[in-house]
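Trainee: Take a look at structure.cif, mmCIF, C-alpha atoms:
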```cif
data_structure
#
loop_
_atom_site.group_PDB
_atom_site.id
_atom_site.type_symbol
_atom_site.label_atom_id
_atom_site.label_comp_id
_atom_site.auth_asym_id
_atom_site.auth_seq_id
_atom_site.Cartn_x
_atom_site.Cartn_y
_atom_site.Cartn_z
ATOM 1 C CA MET A 117 21.118 50.019 -58.776
ATOM 2 C CA THR A 118 23.480 47.162 -57.874
ATOM 3 C CA THR A 119 24.742 46.999 -54.299
ATOM 4 C CA PHE A 120 28.301 45.931 -53.671
ATOM 5 C CA GLN A 121 29.516 44.780 -50.267
ATOM 6 C CA LEU A 122 33.162 45.389 -49.395
ATOM 7 C CA ASP A 123 34.866 42.540 -47.566
ATOM 8 C CA GLN A 124 36.638 43.655 -44.395
ATOM 9 C CA CYS A 125 40.004 43.248 -46.096
ATOM 10 C CA LEU A 126 38.937 45.950 -48.559
ATOM 11 C CA ASP A 127 36.801 47.991 -46.202
ATOM 12 C CA ASP A 128 38.433 51.301 -47.057
ATOM 13 C CA LYS A 129 36.484 54.463 -46.203
ATOM 14 C CA ASP A 130 38.030 56.372 -49.109
ATOM 15 C CA LEU A 131 37.211 53.619 -51.595
ATOM 16 C CA ALA A 132 33.596 53.361 -50.478
ATOM 17 C CA ARG A 133 33.158 57.136 -50.519
ATOM 18 C CA ALA A 134 34.651 57.467 -54.020
ATOM 19 C CA CYS A 135 32.529 54.654 -55.457
ATOM 20 C CA ASN A 136 29.315 55.973 -53.924
ATOM 21 C CA ALA A 137 30.113 59.476 -55.175
ATOM 22 C CA GLU A 138 30.025 58.187 -58.766
ATOM 23 C CA GLY A 139 26.343 57.449 -58.234
ATOM 24 C CA LYS A 140 26.359 54.329 -60.422
ATOM 25 C CA CYS A 141 26.089 51.787 -57.641
ATOM 26 C CA THR A 142 25.785 51.498 -53.884
ATOM 27 C CA VAL A 143 28.847 50.381 -51.978
ATOM 28 C CA LYS A 144 28.354 49.129 -48.431
ATOM 29 C CA ARG A 145 31.126 49.034 -45.875
ATOM 30 C CA TYR A 146 31.746 45.863 -43.893
ATOM 31 C CA PRO A 147 29.080 45.401 -41.189
ATOM 32 C CA GLU A 148 30.149 45.651 -37.558
ATOM 33 C CA ARG A 149 28.297 42.448 -36.643
ATOM 34 C CA LEU A 150 30.364 40.381 -39.091
ATOM 35 C CA ARG A 151 33.761 41.563 -37.875
ATOM 36 C CA GLY A 152 36.005 38.675 -37.023
ATOM 37 C CA GLN A 153 33.417 36.110 -38.128
ATOM 38 C CA SER A 154 34.458 33.024 -40.026
ATOM 39 C CA ASP A 155 34.004 32.817 -43.783
ATOM 40 C CA LYS A 156 31.206 30.311 -43.236
ATOM 41 C CA VAL A 157 29.228 32.895 -41.279
ATOM 42 C CA MET A 158 30.175 35.910 -43.388
ATOM 43 C CA LEU A 159 29.391 34.500 -46.838
ATOM 44 C CA PRO A 160 25.776 33.396 -46.190
ATOM 45 C CA ALA A 161 25.125 36.698 -44.373
ATOM 46 C CA VAL A 162 26.357 38.709 -47.358
ATOM 47 C CA PHE A 163 24.540 36.501 -49.870
ATOM 48 C CA SER A 164 21.307 36.836 -47.920
ATOM 49 C CA GLN A 165 21.451 40.610 -48.423
ATOM 50 C CA ASP A 166 21.627 40.057 -52.201
ATOM 51 C CA THR A 167 24.828 42.091 -52.374
ATOM 52 C CA THR A 168 27.832 41.355 -54.554
ATOM 53 C CA LEU A 169 30.910 40.703 -52.446
ATOM 54 C CA VAL A 170 34.058 42.591 -53.472
ATOM 55 C CA THR A 171 37.180 41.168 -51.882
ATOM 56 C CA ILE A 172 40.934 40.857 -52.214
ATOM 57 C CA ASP A 173 40.810 37.405 -50.595
ATOM 58 C CA ARG A 174 42.240 35.421 -53.498
ATOM 59 C CA THR A 175 41.389 32.017 -51.989
ATOM 60 C CA ILE A 176 37.861 32.741 -50.833
ATOM 61 C CA ILE A 177 36.304 30.319 -53.317
ATOM 62 C CA GLU A 178 38.720 27.440 -52.766
ATOM 63 C CA ASP A 179 38.437 27.838 -48.975
ATOM 64 C CA ASN A 180 34.636 27.948 -48.929
ATOM 65 C CA GLU A 181 33.287 25.663 -51.607
ATOM 66 C CA SER A 182 30.508 24.423 -49.330
ATOM 67 C CA SER A 183 29.372 27.972 -48.512
ATOM 68 C CA ILE A 184 28.926 28.963 -52.162
ATOM 69 C CA VAL A 185 25.259 28.272 -52.594
ATOM 70 C CA ALA A 186 23.009 28.894 -55.585
ATOM 71 C CA PRO A 187 21.528 31.317 -56.312
ATOM 72 C CA ASN A 188 24.041 33.887 -55.130
ATOM 73 C CA PRO A 189 24.699 37.524 -55.917
ATOM 74 C CA CYS A 190 28.298 37.239 -57.309
ATOM 75 C CA ILE A 191 31.808 37.452 -55.949
ATOM 76 C CA ILE A 192 34.402 39.820 -57.358
ATOM 77 C CA VAL A 193 38.019 39.143 -56.448
ATOM 78 C CA ILE A 194 40.602 41.860 -57.056
ATOM 79 C CA ARG A 195 44.090 40.402 -56.999
ATOM 80 C CA THR A 196 47.642 40.748 -58.142
ATOM 81 C CA LYS A 197 48.968 38.258 -60.640
ATOM 82 C CA LYS A 198 52.287 37.889 -58.801
ATOM 83 C CA PRO A 199 53.240 38.283 -55.124
ATOM 84 C CA ARG A 200 54.652 41.728 -55.840
ATOM 85 C CA PRO A 201 53.242 44.307 -55.733
ATOM 86 C CA PHE A 202 51.400 43.340 -52.533
ATOM 87 C CA MET A 203 47.689 44.046 -52.791
ATOM 88 C CA THR A 204 46.541 47.187 -51.008
ATOM 89 C CA ALA A 205 43.301 49.151 -51.103
ATOM 90 C CA SER A 206 44.771 51.796 -53.390
ATOM 91 C CA LEU A 207 46.025 49.192 -55.867
ATOM 92 C CA ALA A 208 42.625 47.491 -55.764
ATOM 93 C CA ARG A 209 41.021 50.820 -56.512
ATOM 94 C CA ARG A 210 43.268 51.396 -59.543
ATOM 95 C CA ILE A 211 42.421 47.926 -60.873
ATOM 96 C CA MET A 212 38.692 48.529 -60.376
ATOM 97 C CA ASP A 213 38.879 51.950 -62.029
ATOM 98 C CA ARG A 214 40.541 50.423 -65.071
ATOM 99 C CA PHE A 215 37.874 47.740 -65.247
ATOM 100 C CA LYS A 216 35.064 50.294 -64.970
ATOM 101 C CA THR A 217 36.594 52.420 -67.707
ATOM 102 C CA ASN A 218 36.886 49.468 -70.071
ATOM 103 C CA VAL A 219 33.515 47.941 -69.230
ATOM 104 C CA PRO A 220 31.292 51.034 -69.248
ATOM 105 C CA SER A 221 28.126 48.953 -69.041
ATOM 106 C CA TRP A 222 29.147 47.463 -65.651
ATOM 107 C CA PRO A 223 26.376 49.227 -63.680
ATOM 108 C CA ASP A 224 23.725 47.681 -65.960
ATOM 109 C CA ILE A 225 25.018 44.112 -65.933
ATOM 110 C CA ASP A 226 23.299 41.567 -63.719
ATOM 111 C CA TRP A 227 26.260 39.950 -61.999
ATOM 112 C CA SER A 228 24.366 37.309 -60.043
ATOM 113 C CA MET A 229 25.774 33.766 -60.124
ATOM 114 C CA VAL A 230 28.998 35.044 -61.642
ATOM 115 C CA TYR A 231 32.550 34.915 -60.332
ATOM 116 C CA ILE A 232 34.933 37.590 -61.580
ATOM 117 C CA GLU A 233 38.615 37.841 -60.940
ATOM 118 C CA ILE A 234 40.465 40.967 -62.062
ATOM 119 C CA ASN A 235 44.212 41.321 -61.729
ATOM 120 C CA ASN A 236 46.765 44.083 -62.065
ATOM 121 C CA GLU A 237 48.044 42.761 -65.375
ATOM 122 C CA ASP A 238 44.862 43.493 -67.281
ATOM 123 C CA GLU A 239 43.495 39.962 -67.065
ATOM 124 C CA ILE A 240 39.929 39.116 -66.184
ATOM 125 C CA LEU A 241 38.538 35.671 -65.440
ATOM 126 C CA VAL A 242 34.771 35.236 -65.571
ATOM 127 C CA SER A 243 33.108 32.030 -64.493
ATOM 128 C CA PRO A 244 29.694 30.737 -63.465
ATOM 129 C CA LEU A 245 29.480 30.632 -59.658
ATOM 130 C CA ILE A 246 27.485 27.604 -58.614
ATOM 131 C CA ASN A 247 29.293 25.392 -56.151
ATOM 132 C CA GLY A 248 32.797 26.728 -55.809
ATOM 133 C CA ASP A 249 34.012 25.257 -59.075
ATOM 134 C CA ILE A 250 35.447 28.115 -61.109
ATOM 135 C CA THR A 251 37.674 26.085 -63.356
ATOM 136 C CA GLY A 252 35.358 26.416 -66.334
ATOM 137 C CA GLY A 253 35.787 30.164 -66.548
ATOM 138 C CA ARG A 254 36.776 32.235 -69.518
ATOM 139 C CA PRO A 255 39.652 34.736 -69.593
ATOM 140 C CA PHE A 256 39.345 38.233 -71.034
ATOM 141 C CA ASP A 257 41.911 40.889 -71.769
ATOM 142 C CA ILE A 258 40.996 44.238 -70.287
ATOM 143 C CA SER A 259 42.647 46.101 -73.147
ATOM 144 C CA ASN A 260 40.491 44.325 -75.748
ATOM 145 C CA GLU A 261 38.463 47.002 -77.538
ATOM 146 C CA ARG A 262 35.416 44.750 -77.676
ATOM 147 C CA LEU A 263 35.678 43.757 -74.014
ATOM 148 C CA ASP A 264 32.405 45.367 -72.956
ATOM 149 C CA ALA A 265 30.361 43.601 -75.640
ATOM 150 C CA GLU A 266 32.122 40.261 -75.287
ATOM 151 C CA LEU A 267 31.917 40.220 -71.507
ATOM 152 C CA SER A 268 28.233 41.135 -71.507
ATOM 153 C CA ALA A 269 27.525 38.439 -74.082
ATOM 154 C CA TYR A 270 29.400 35.825 -72.067
ATOM 155 C CA ILE A 271 27.498 36.702 -68.892
ATOM 156 C CA ARG A 272 24.215 36.361 -70.801
ATOM 157 C CA GLU A 273 25.471 32.980 -71.989
ATOM 158 C CA ILE A 274 26.229 31.958 -68.398
ATOM 159 C CA ARG A 275 22.786 32.989 -67.253
ATOM 160 C CA GLN A 276 21.163 31.092 -70.085
ATOM 161 C CA SER A 277 23.106 27.935 -69.234
ATOM 162 C CA LEU A 278 22.201 28.216 -65.532
ATOM 163 C CA LYS A 279 18.467 28.546 -66.085
ATOM 164 C CA GLY A 280 17.975 24.822 -66.140
ATOM 165 C CA ILE A 281 20.019 24.372 -62.985
ATOM 166 C CA VAL A 282 18.805 27.234 -60.815
ATOM 167 C CA SER A 283 15.078 27.699 -61.084
ATOM 168 C CA GLU A 284 15.017 30.849 -58.922
ATOM 169 C CA LEU A 285 17.334 32.706 -61.268
ATOM 170 C CA PRO A 286 15.708 35.988 -62.321
ATOM 171 C CA THR A 287 15.385 36.629 -66.024
ATOM 172 C CA MET B 294 52.413 42.277 -19.739
ATOM 173 C CA ASN B 295 54.334 40.520 -16.964
ATOM 174 C CA LYS B 296 58.031 39.918 -17.166
ATOM 175 C CA PRO B 297 58.654 36.201 -17.812
ATOM 176 C CA GLU B 298 60.324 35.382 -14.493
ATOM 177 C CA TYR B 299 60.935 31.752 -15.328
ATOM 178 C CA LEU B 300 63.647 32.778 -17.712
ATOM 179 C CA HIS B 301 65.629 34.162 -14.770
ATOM 180 C CA ASN B 302 64.910 31.391 -12.314
ATOM 181 C CA ASP B 303 64.526 28.101 -14.114
ATOM 182 C CA SER B 304 66.231 28.320 -17.458
ATOM 183 C CA LEU B 305 69.743 27.128 -18.129
ATOM 184 C CA ALA B 306 70.853 30.717 -18.601
ATOM 185 C CA GLY B 307 69.320 31.796 -15.307
ATOM 186 C CA ALA B 308 70.817 28.835 -13.476
ATOM 187 C CA VAL B 309 74.294 29.467 -14.848
ATOM 188 C CA LEU B 310 74.205 33.145 -13.929
ATOM 189 C CA ALA B 311 72.648 32.623 -10.514
ATOM 190 C CA HIS B 312 75.144 29.956 -9.441
ATOM 191 C CA SER B 313 78.231 31.372 -11.062
ATOM 192 C CA ASP B 314 81.076 31.750 -8.562
ATOM 193 C CA GLU B 315 82.245 34.873 -10.313
ATOM 194 C CA GLU B 316 78.982 36.804 -10.209
ATOM 195 C CA ILE B 317 79.249 39.768 -12.541
ATOM 196 C CA PRO B 318 77.115 42.906 -12.102
ATOM 197 C CA ASP B 319 74.824 43.412 -15.123
ATOM 198 C CA ASP B 320 75.518 47.066 -15.623
ATOM 199 C CA ASP B 321 79.160 47.273 -14.604
ATOM 200 C CA LEU B 322 81.377 46.417 -17.550
ATOM 201 C CA ASP B 323 84.498 47.868 -15.915
ATOM 202 C CA GLY B 324 83.873 45.734 -12.845
ATOM 203 C CA GLU B 325 83.363 42.716 -15.068
ATOM 204 C CA ALA B 326 86.668 43.321 -16.862
ATOM 205 C CA GLU B 327 88.520 43.900 -13.594
ATOM 206 C CA LEU B 328 87.127 40.732 -12.052
ATOM 207 C CA SER B 329 87.954 38.762 -15.177
ATOM 208 C CA ASN B 330 91.544 39.991 -15.105
ATOM 209 C CA LEU B 331 91.880 39.160 -11.430
ATOM 210 C CA VAL B 332 90.527 35.643 -11.887
ATOM 211 C CA ALA B 333 92.598 35.119 -15.007
ATOM 212 C CA ALA B 334 95.787 36.140 -13.265
ATOM 213 C CA ARG B 335 95.285 34.218 -10.029
ATOM 214 C CA VAL B 336 93.181 31.160 -10.806
ATOM 215 C CA VAL B 337 93.211 30.022 -14.441
ATOM 216 C CA GLY B 338 95.393 30.292 -17.452
ATOM 217 C CA PRO B 339 94.715 33.079 -19.967
ATOM 218 C CA TRP B 340 93.114 30.902 -22.681
ATOM 219 C CA GLN B 341 90.819 29.168 -20.223
ATOM 220 C CA MET B 342 89.648 32.560 -18.981
ATOM 221 C CA VAL B 343 88.869 33.794 -22.501
ATOM 222 C CA ILE B 344 86.757 30.720 -23.164
ATOM 223 C CA LYS B 345 84.985 31.031 -19.807
ATOM 224 C CA SER B 346 84.071 34.711 -20.209
ATOM 225 C CA ALA B 347 82.903 34.139 -23.779
ATOM 226 C CA GLY B 348 80.660 31.360 -22.461
ATOM 227 C CA VAL B 349 79.065 33.601 -19.822
ATOM 228 C CA ARG B 350 78.495 36.392 -22.341
ATOM 229 C CA SER B 351 76.919 33.970 -24.786
ATOM 230 C CA VAL B 352 74.561 32.621 -22.138
ATOM 231 C CA ARG B 353 73.547 36.183 -21.264
ATOM 232 C CA LEU B 354 72.835 37.009 -24.887
ATOM 233 C CA GLU B 355 70.860 33.818 -25.312
ATOM 234 C CA GLN B 356 68.825 34.783 -22.261
ATOM 235 C CA TRP B 357 68.190 38.207 -23.798
ATOM 236 C CA PHE B 358 67.101 36.750 -27.135
ATOM 237 C CA SER B 359 64.935 34.145 -25.421
ATOM 238 C CA GLU B 360 63.149 36.934 -23.575
ATOM 239 C CA CYS B 361 62.709 38.841 -26.843
ATOM 240 C CA ALA B 362 61.166 35.753 -28.406
ATOM 241 C CA VAL B 363 58.817 35.180 -25.461
ATOM 242 C CA TRP B 364 57.674 38.797 -25.387
ATOM 243 C CA GLY B 365 57.381 38.840 -29.172
ATOM 244 C CA HIS B 366 55.213 35.727 -29.223
ATOM 245 C CA GLU B 367 53.110 37.116 -26.389
ATOM 246 C CA ALA B 368 52.556 40.373 -28.311
ATOM 247 C CA LEU B 369 51.626 38.501 -31.473
ATOM 248 C CA GLN B 370 49.244 36.252 -29.578
ATOM 249 C CA SER B 371 47.363 39.293 -28.334
ATOM 250 C CA ALA B 372 47.304 40.954 -31.766
ATOM 251 C CA VAL B 373 46.844 38.099 -34.234
ATOM 252 C CA ASP B 374 44.286 35.358 -34.861
ATOM 253 C CA ILE B 375 45.021 32.252 -36.896
ATOM 254 C CA ASP B 376 41.747 30.547 -37.681
ATOM 255 C CA PRO B 377 41.414 27.995 -40.500
ATOM 256 C CA ASP B 378 37.817 29.170 -41.004
ATOM 257 C CA ARG B 379 38.787 32.797 -41.510
ATOM 258 C CA ARG B 380 40.775 33.879 -44.558
ATOM 259 C CA GLY B 381 41.774 30.228 -44.955
ATOM 260 C CA GLY B 382 44.001 30.372 -41.861
ATOM 261 C CA THR B 383 46.130 33.290 -43.022
ATOM 262 C CA PRO B 384 47.139 35.285 -39.907
ATOM 263 C CA VAL B 385 44.738 38.197 -39.401
ATOM 264 C CA LEU B 386 44.508 41.088 -36.945
ATOM 265 C CA LYS B 387 42.613 39.949 -33.871
ATOM 266 C CA GLY B 388 38.846 40.006 -34.393
ATOM 267 C CA THR B 389 39.045 40.917 -38.078
ATOM 268 C CA ARG B 390 39.407 39.491 -41.597
ATOM 269 C CA PHE B 391 42.310 41.850 -42.248
ATOM 270 C CA THR B 392 45.542 39.922 -42.817
ATOM 271 C CA VAL B 393 48.809 40.718 -41.093
ATOM 272 C CA GLY B 394 50.487 40.937 -44.484
ATOM 273 C CA GLN B 395 47.935 43.423 -45.703
ATOM 274 C CA THR B 396 48.337 45.482 -42.549
ATOM 275 C CA LEU B 397 52.065 45.772 -43.191
ATOM 276 C CA ALA B 398 51.517 46.611 -46.863
ATOM 277 C CA GLN B 399 48.963 49.274 -45.972
ATOM 278 C CA LEU B 400 51.378 50.726 -43.407
ATOM 279 C CA ALA B 401 54.120 50.821 -46.026
ATOM 280 C CA GLU B 402 52.093 53.163 -48.184
ATOM 281 C CA SER B 403 50.521 55.230 -45.405
ATOM 282 C CA ALA B 404 51.538 58.006 -43.061
ATOM 283 C CA GLY B 405 51.358 55.620 -40.115
ATOM 284 C CA VAL B 406 49.276 53.494 -37.783
ATOM 285 C CA PRO B 407 46.534 56.073 -37.068
ATOM 286 C CA GLU B 408 45.865 56.541 -40.793
ATOM 287 C CA VAL B 409 45.492 52.811 -41.469
ATOM 288 C CA ALA B 410 43.403 52.297 -38.331
ATOM 289 C CA ASN B 411 41.100 55.140 -39.286
ATOM 290 C CA ARG B 412 40.739 54.188 -42.953
ATOM 291 C CA PHE B 413 39.824 50.591 -42.238
ATOM 292 C CA ASP B 414 38.191 50.976 -38.805
ATOM 293 C CA LEU B 415 40.876 48.875 -37.157
ATOM 294 C CA ASP B 416 42.139 49.057 -33.588
ATOM 295 C CA GLU B 417 45.300 51.171 -33.337
ATOM 296 C CA ASP B 418 46.615 49.335 -30.274
ATOM 297 C CA THR B 419 46.271 45.965 -31.996
ATOM 298 C CA ILE B 420 48.311 47.180 -34.968
ATOM 299 C CA ARG B 421 50.987 48.588 -32.643
ATOM 300 C CA GLU B 422 51.120 45.343 -30.668
ATOM 301 C CA LEU B 423 51.583 43.453 -33.941
ATOM 302 C CA LEU B 424 54.487 45.716 -34.900
ATOM 303 C CA PHE B 425 56.139 45.438 -31.467
ATOM 304 C CA GLY B 426 55.765 41.672 -31.586
ATOM 305 C CA LEU B 427 57.369 41.432 -35.012
ATOM 306 C CA ALA B 428 60.120 43.852 -33.942
ATOM 307 C CA LEU B 429 60.971 41.663 -30.949
ATOM 308 C CA LEU B 430 61.018 38.480 -33.004
ATOM 309 C CA VAL B 431 63.326 39.721 -35.743
ATOM 310 C CA GLU B 432 65.752 41.509 -33.429
ATOM 311 C CA ARG B 433 68.435 38.818 -33.234
ATOM 312 C CA PRO B 434 71.676 37.959 -35.010
ATOM 313 C CA CYS B 435 71.851 35.147 -37.545
ATOM 314 C CA ARG B 436 74.093 32.805 -35.495
#
```
For this file, write the structure as structure tokens.

Mentor:
Amino acid sequence: MTTFQLDQCLDDKDLARACNAEGKCTVKRYPERLRGQSDKVMLPAVFSQDTTLVTIDRTIIEDNESSIVAPNPCIIVIRTKKPRPFMTASLARRIMDRFKTNVPSWPDIDWSMVYIEINNEDEILVSPLINGDITGGRPFDISNERLDAELSAYIREIRQSLKGIVSELPT
Amino acid sequence: MNKPEYLHNDSLAGAVLAHSDEEIPDDDLDGEAELSNLVAARVVGPWQMVIKSAGVRSVRLEQWFSECAVWGHEALQSAVDIDPDRRGGTPVLKGTRFTVGQTLAQLAESAGVPEVANRFDLDEDTIRELLFGLALLVERPCR
């Protein structure tokens, strides 16, 4: 079962409880020891636990290119496309629920070394996550009927392409 | 939080008020009007008196708004961190990765400070200090 780590900006008790109640993954709340720590401390600590970071920090990659090491467990950014509506935990939860409904195989996908950005206008960006460069990603439309199959296939493609680069990548 | 005394003693506003020949009691508007009338009638012409009293009032208001700004900044300093290595330098609640903007947005859709503090394990007093600081900073006219 995949373990997801909530960033402190999304560390909502209700969200964690609801996700854990589904029983499809484990959601961890933000650890006390990392409160107020810099990104450069937080990211390696989360990566070392092999947990996927879920955040609403839209600039986390750009701000921390040097901290994005390979291999890594994945970063999921939930964001709004425009400044309004302002991102809140409840909006993030609605966006995640929509994603989970449209990608029913999400609990079975190996997300490691992948960057995913999901916004409130049904757009998803998926990219390999190697060194903070996410410009080579591919966009998906959440309302696409074949989203689940196409997304899974693209992630397999990413993993295949990374095998030569990251030797520790699990198969 | 200590009252910023220097505003009373050393600032231009404090100096003007402290050394004004026509010292006007803070809380006595009738006395102020009476004194103004007396001075206007006996010492200066009516237009000069209008300009003079407007000047004193303006200095007083400026002193008030300066104090608001000082107290507001002080409140924000105790409630907010700005660290380029945390959230890319976006202002966050002290000791957290929770942005000020997000705090306000969460408050907007909540029943209040205790709910947000409880949901996200944040310090209630820090959120209140943030709100008081912002309240003090925006409480001023546009001119």

Trainee: So how many Å separate CA of Lys156 (chain A) and CA of Val143 (chain A), to one decimal?

Mentor: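 Going from CA of Lys156 (chain A) over to CA of Val143 (chain A), I get 22.0 Å.
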
Trainee: Quick one: axis-aligned box around all listed atoms of region 151-161 of chain A, 4 Å on every side, centre and edge lengths in Å to one decimal, written as JSON.

Mentor:
```
{"center_x": 30.6, "center_y": 35.9, "center_z": -41.9, "size_x": 18.9, "size_y": 19.3, "size_z": 17.8}
```

Trainee: Rank nothing, just name the residue among B:Ser403, B:Thr392, B:Thr383, B:Gln356 nearest to Ser206 (chain A), using only C-alpha atoms.

Mentor: B:Ser403

Trainee: Using only C-alpha atoms, find the one residue out of B:Gly426, B:Arg353, B:Leu386, B:Glu432 that sits nearest to Ala410 (chain B).

Mentor: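 The answer is B:Leu386, which sits nearest to Ala410 (chain B).
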
Trainee: Could you pull the residues within 12 Å of Leu397 (chain B), counting all atoms listed in the file, minus those fewer than 2 positions along the same chain, as a JSON list (two decimals) with C-alpha atoms, in the frame of the given file?

Mentor:
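See around-v1.json below for the written result:
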```
[["chain", "number", "residue", "atom", "x", "y", "z"],
["A", 202, "PHE", "CA", 51.40, 43.34, -52.53],
["A", 203, "MET", "CA", 47.69, 44.05, -52.79],
["A", 204, "THR", "CA", 46.54, 47.19, -51.01],
["B", 385, "VAL", "CA", 44.74, 38.20, -39.40],
["B", 386, "LEU", "CA", 44.51, 41.09, -36.94],
["B", 391, "PHE", "CA", 42.31, 41.85, -42.25],
["B", 392, "THR", "CA", 45.54, 39.92, -42.82],
["B", 393, "VAL", "CA", 48.81, 40.72, -41.09],
["B", 394, "GLY", "CA", 50.49, 40.94, -44.48],
["B", 395, "GLN", "CA", 47.94, 43.42, -45.70],
["B", 399, "GLN", "CA", 48.96, 49.27, -45.97],
["B", 400, "LEU", "CA", 51.38, 50.73, -43.41],
["B", 401, "ALA", "CA", 54.12, 50.82, -46.03],
["B", 402, "GLU", "CA", 52.09, 53.16, -48.18],
["B", 403, "SER", "CA", 50.52, 55.23, -45.40],
["B", 405, "GLY", "CA", 51.36, 55.62, -40.12],
["B", 406, "VAL", "CA", 49.28, 53.49, -37.78],
["B", 409, "VAL", "CA", 45.49, 52.81, -41.47],
["B", 410, "ALA", "CA", 43.40, 52.30, -38.33],
["B", 420, "ILE", "CA", 48.31, 47.18, -34.97],
["B", 421, "ARG", "CA", 50.99, 48.59, -32.64],
["B", 423, "LEU", "CA", 51.58, 43.45, -33.94],
["B", 424, "LEU", "CA", 54.49, 45.72, -34.90],
["B", 427, "LEU", "CA", 57.37, 41.43, -35.01]]
```

Trainee: Which residue is closest to chain A? Choose from B:Trp357, B:Asn411, B:Pro384, B:Gln370 and count all atoms listed in the file.

Mentor: B:Asn411

Trainee: Mind listing as a list in words which residues of chain A are within 9 Å of chain B, counting all atoms listed in the file?

Mentor: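 The answer, sorted by residue number, is Asp123, Gln124, Cys125, Leu126, Asp127, Asp128, Lys129, Asp130, Leu150, Arg151, Gly152, Gln153, Ser154, Asp155, Lys156, Asp173, Thr175, Ile176, Glu178, Asp179, Asn180, Phe202, Met203, Thr204, Ala205 and Ser206 of chain A.
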
Trainee: Could you tell me which residues the PyMOL selection byres ((chain A and resi 275) around 12) grabs in this file, written as a ChimeraX atom specification?

Mentor: /A:187,225-230,243-246,268-274,276-287

Trainee: Report the distance between CA of Glu237 (chain A) and CA of Ile211 (chain A) in Å, rounded to one decimal place.

Mentor: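 Distance between the two atoms: 8.9 Å.
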
Trainee: Which residues are close to region 263-265 of chain A, i.e. within 9 Å by all atoms listed in the file, leaving aside same-chain residues fewer than 3 positions away? Reply as a list in words.

Mentor: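 The residues that qualify are Asn218, Val219, Pro220, Ser221, Trp222, Phe256, Asp257, Ile258, Ser259, Asn260, Ser268, Ala269 and Tyr270 of chain A.
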
Trainee: Report, in Å to a single decimal, how far apart CA of Ile375 (chain B) and CA of Ile172 (chain A) are.

Mentor: 18.0 Å

Trainee: So which residues get picked by the PyMOL selection byres ((chain A and resi 162) around 10) here, written as a VMD selection string?

Mentor: chain A and resid 120 to 123 146 to 147 150 157 to 161 163 to 169 188 to 189
